[in-house]
Amino acid sequence: MTQAQTLDHTDDQSIEHRIGTAVNQNAAHTREGLLERVFGWFFKGLVYAQIWEDPVADMKALQITEQDDLVCIASGGCNVMSYLMAKPASLTAVDLSPAHVALNKLKVAAPRYLDQNAFYDLFGHANKDSNITALDQHVLPHLDQATRAYWNKATWRGQRKQMFARGLYRHGLLGQFLKFAHALCWVGGVKFDKLLTAQSLDDQNAFFDQEIAPLYDSRFVRFLANRRASLFGLGIPPAQYDKLAADTGGDIIAVLRERTRKLFCDFPIHDNYFAWQAANRGYKSDGTGPVPPYLEAQNFETLRACVGRVEVLNQSVTEMLAAQPEGSKSVYVLLDAQDWMNDDQLNDLWLQITRTARPGARVLFRTGGLTDILPGRVADAILNHWRYDAKASTRATAEDRSAIYGAVHMYRYEGA
């Protein structure tokens with residue numbers, strides 16, 4: 001095995017250990033422990049073809065500059081690629097899922113070897129036969145062997161790379177969840193074209209009240225929603241399920257109804273690509289609809305110029321930071337990963353964040369519930385180095401078009 005292969009190859013045992021450490025909070029023989037291990041099995045594969053956190057809201061809150069060295073969880077990679085619009089000095093993206101790592105490495109390589117139209121075909125349309133030729137001739141030959149092997153691997157549906165010709169965003173755990181949700185909506189007579197052609201927020205609210213809200217009164221939907229495994233498709237592990245409903249006395253239906261309402265009603269449909277993904281299972285077919293910043297044509301040259309600053313690793317954030325020098329990072333985006341963690345894991349993470357933070361550092365993360373989860377759990381000796389930015393947190397929460405999470409939180413480093 002070559003050095004490159006050694007660096008990029010992670011065996012199944014190592015993958016299972018990393019994911020198990022992150023997900024498993026209960027003994028395997030318990031009901032909760034069994035659910036955690038089922039979720040961990042799913043998480044080894046592709047969960048998000050598109051990430052469901054809004055990078056525009058993130059960048060506005062974080063005020064990323066060309067002097068920043070950024071750390072983030074990779075997920076589907078839309079955030080990784082979109083943060084490059086701010087031209088940070090470096091960006092280290094980590095993820096426990098080998099599928100997410102392979103997708104991010106593909107996204108990082110593609111702008112170097114494709115023109116803007118071919119790049120948009122690959123990740124914007126994401127359903128053209130020509131995408132496979134573009135991958136085979138121009139992108140995959142430049143990737144490390146392990147990543148090439150991942151995309152060329154045969155599955156029961158054909159080679160994995162075929163998903164780029166069959167609708168990338170209809171694949172992965174989230175894609176399957178949306179497929180099932182659309183089936184429920186079809187049975188309920190929901191017609192999403194009313195939403196996608198809405199001319200005003202009033203039209204969008206009327207659609208929600210008439211078409212979507214009644215579904216949450218369905219006995220079948222209530223039955224499904226009250227089972228932890230039903231939200232695996234949203235990438236929500238058992239440990240996070242309870243946090244979602246913590247602010248409503250355990251009423252998960254109330255949470256799902258309100259967050260769906262925000263997704264479909266609080267932002268103009270012509271500007272919310274998250275709503276398009278939920279309602280259309282892909283971006284607008286003619287390429288004129290809203291998309292993440294990295295797919296906007298005017299940003300392509302910036303993207304191409306900056307992808308060389310990205311490193312993608314199959315590690316946890318804590319593991320990666322432990323190998324970094326003191327004071328070497330300035331921006332940390334943790335998505336909702338802390339909702340998965342116990343107190344020991346939270347303290348280990350924030351110890352490394354604090355050690356590697358330099359003056360002016362910012363940390364941004366999301367929570368399933370409304371409240372900040374750090375006070376009382378992360379030791380005061382660590383958290384006292386940081387100041388909670390309530391104004392930026394409130395604004396980012398209101399501006400996050402993805403609408404899945406209860407809140408966005410941001411901390412600023414106050415120094416040693």
# chains A, B, ... in the order shown; residues from 1 in each chain; ligands from 1

$ select_by_dssp --residues "stretch 114-293 of chain A" --states "alpha helix (DSSP H)" --output "MDAnalysis selection string"
chainID A and resid 116:120 130:134 145:152 172:187 193:196 201:207 219:225 238:244 252:265 273:280

$ closest_residue --among "A:Thr260, A:Ser330, A:Thr302, A:Gln210" --to "A:Ala275" --atoms "only C-alpha atoms"
A:Thr260

$ residues_around --residues "stretch 71-75 of chain A" --least-positions-apart "4" --cutoff "9 Å" --atoms "only C-alpha atoms" --output "VMD selection string"
chain A and resid 47 to 52 79 to 80 90 to 97 100 to 101 103 to 104 312 to 313 316 to 317 321 329 to 335 337

$ closest_residue --among "A:Trp340, A:Tyr83, A:Tyr411, A:Trp186" --to "A:Ala390" --atoms "only C-alpha atoms"
A:Tyr411
